[in-house]
Amino acid sequence: MPEVTIKIGQRPYKVNCPEGEEPQLQKARDALDAEASTLLAQVGRVPEAQMLLMSGLMLADRTLALQEQLRATEAALEQAQEAPREVSQEIKPVEKKVEVPVVPPALLESLAELSARAEAAADDLEERIAQSAD
């Protein structure tokens, strides 16, 4: 386990860190150092233990606020996801029967015969017009 030197509140600290966790340690150091720097800027010189304690408490307070915000957001998301389910349960499908009339075969035959007669009459008329034009 490598030993890493980090600075918090302008003070160096040697800490052991699991192999490969160095980037995460640096992020944590940055957060703690930011709180310590804010505290030092407001109060001035502070004993080491008090600086670390106060910085840790400020980070814990921020973390708790974020956790509460996360819970509220998750609850709102869950409620938003439930709304469509509730609406879909309230909507019932409408059953409507559509009746399609059945055309009797005899009527279809009659229509086909009428159509053939109309075409024959049109052909006859065209022939007569053509003959009278000559």
# chains A, B, ... in the order shown; residues from 1 in each chain; ligands from 1
>>> select_by_dssp(residues="chain A", states="strand (DSSP E or B)", output="VMD selection string")
chain A and resid 3 to 8 11 to 16
>>> write_last_selection(atoms="N, CA and C atoms", output="compact mmCIF listing (two decimals), in the first residue's frame")
# COMPACT_ATOMS: atom_id res chain seq x y z
N GLU A 3 2.42 4.96 0.32
CA GLU A 3 2.23 6.09 1.23
C GLU A 3 2.24 7.37 0.40
N VAL A 4 1.22 8.20 0.62
CA VAL A 4 1.06 9.42 -0.16
C VAL A 4 1.08 10.60 0.80
N THR A 5 1.72 11.69 0.41
CA THR A 5 1.72 12.91 1.21
C THR A 5 0.70 13.86 0.62
N ILE A 6 -0.22 14.31 1.47
CA ILE A 6 -1.24 15.26 1.02
C ILE A 6 -1.17 16.49 1.90
N LYS A 7 -1.66 17.62 1.40
CA LYS A 7 -1.68 18.86 2.18
C LYS A 7 -3.12 19.25 2.43
N ILE A 8 -3.43 19.50 3.69
CA ILE A 8 -4.75 19.99 4.08
C ILE A 8 -4.52 21.19 4.98
N ARG A 11 -0.98 22.12 5.72
CA ARG A 11 -0.19 21.20 6.56
C ARG A 11 -0.07 19.85 5.85
N PRO A 12 1.15 19.30 5.80
CA PRO A 12 1.33 18.01 5.12
C PRO A 12 0.95 16.84 6.03
N TYR A 13 0.37 15.80 5.41
CA TYR A 13 0.00 14.57 6.13
C TYR A 13 0.39 13.39 5.25
N LYS A 14 0.98 12.37 5.87
CA LYS A 14 1.31 11.14 5.15
C LYS A 14 0.21 10.13 5.45
N VAL A 15 -0.36 9.60 4.38
CA VAL A 15 -1.43 8.60 4.53
C VAL A 15 -1.15 7.42 3.60
N ASN A 16 -1.61 6.25 4.01
CA ASN A 16 -1.51 5.07 3.17
C ASN A 16 -2.76 5.00 2.30
>>> closest_residue(among="A:Ala122, A:Val100, A:Leu57, A:Cys17", to="Ala36 of chain A", atoms="only C-alpha atoms")
A:Leu57
>>> residues_around(residues="Gln50 of chain A", least_positions_apart="5", cutoff="12 Å", atoms="only C-alpha atoms", output="mmCIF file with N, CA, C and O atoms, in the first residue's frame")
data_model
loop_
_atom_site.group_PDB
_atom_site.id
_atom_site.type_symbol
_atom_site.label_atom_id
_atom_site.label_comp_id
_atom_site.auth_asym_id
_atom_site.auth_seq_id
_atom_site.Cartn_x
_atom_site.Cartn_y
_atom_site.Cartn_z
ATOM 1 N N GLY A 9 -5.102 22.309 4.599
ATOM 2 C CA GLY A 9 -4.914 23.524 5.393
ATOM 3 C C GLY A 9 -3.460 23.910 5.511
ATOM 4 O O GLY A 9 -3.005 24.315 6.576
ATOM 5 N N ALA A 36 -11.024 23.294 4.908
ATOM 6 C CA ALA A 36 -10.003 23.780 5.837
ATOM 7 C C ALA A 36 -9.545 25.184 5.441
ATOM 8 O O ALA A 36 -9.376 26.057 6.319
ATOM 9 N N LEU A 39 -12.173 27.676 6.477
ATOM 10 C CA LEU A 39 -12.121 27.851 7.935
ATOM 11 C C LEU A 39 -10.935 28.733 8.330
ATOM 12 O O LEU A 39 -11.091 29.665 9.135
ATOM 13 N N LEU A 40 -9.765 28.464 7.762
ATOM 14 C CA LEU A 40 -8.572 29.256 8.078
ATOM 15 C C LEU A 40 -8.737 30.704 7.633
ATOM 16 O O LEU A 40 -8.273 31.627 8.319
ATOM 17 N N VAL A 43 -11.291 32.234 10.331
ATOM 18 C CA VAL A 43 -10.893 32.245 11.741
ATOM 19 C C VAL A 43 -9.425 32.606 11.934
ATOM 20 O O VAL A 43 -9.044 33.204 12.933
ATOM 21 N N ARG A 45 -5.477 31.321 12.382
ATOM 22 C CA ARG A 45 -4.729 30.138 12.843
ATOM 23 C C ARG A 45 -5.597 29.325 13.793
ATOM 24 O O ARG A 45 -6.169 29.846 14.742
ATOM 25 N N SER A 55 -13.439 20.959 9.634
ATOM 26 C CA SER A 55 -13.509 20.703 8.192
ATOM 27 C C SER A 55 -14.313 19.437 7.913
ATOM 28 O O SER A 55 -15.151 19.392 7.008
ATOM 29 N N GLY A 56 -14.077 18.409 8.702
ATOM 30 C CA GLY A 56 -14.825 17.155 8.565
ATOM 31 C C GLY A 56 -16.307 17.350 8.845
ATOM 32 O O GLY A 56 -17.159 16.806 8.140
ATOM 33 N N LEU A 57 -16.620 18.149 9.868
ATOM 34 C CA LEU A 57 -18.031 18.411 10.192
ATOM 35 C C LEU A 57 -18.714 19.202 9.078
ATOM 36 O O LEU A 57 -19.886 18.950 8.755
#
>>> atom_distance(atom1="atom CA of Leu25 of chain A", atom2="atom CA of Leu59 of chain A")
15.0 Å
>>> atom_distance(atom1="atom CA of Gln24 of chain A", atom2="atom CA of Gly44 of chain A")
28.7 Å
>>> closest_residue(among="A:Glu68, A:Met1, A:Gln10, A:Glu119", to="Glu48 of chain A", atoms="only C-alpha atoms")
A:Gln10
>>> closest_residue(among="A:Glu95, A:Ala65, A:Glu127, A:Leu32", to="Leu52 of chain A", atoms="only C-alpha atoms")
A:Leu32
>>> select_by_dssp(residues="segment 63-102 of chain A", states="helix (DSSP H, G or I)", output="list in words")
Thr63, Leu64, Ala65, Leu66, Gln67, Glu68, Gln69, Leu70, Arg71, Ala72, Thr73, Glu74, Ala75, Ala76, Leu77, Glu78, Gln79, Ala80, Gln81, Glu82, Ala83, Pro84, Arg85, Glu86, Val87, Ser88, Gln89 and Glu90 of chain A
>>> atom_distance(atom1="atom CA of Pro23 of chain A", atom2="atom CA of Asp61 of chain A")
23.4 Å
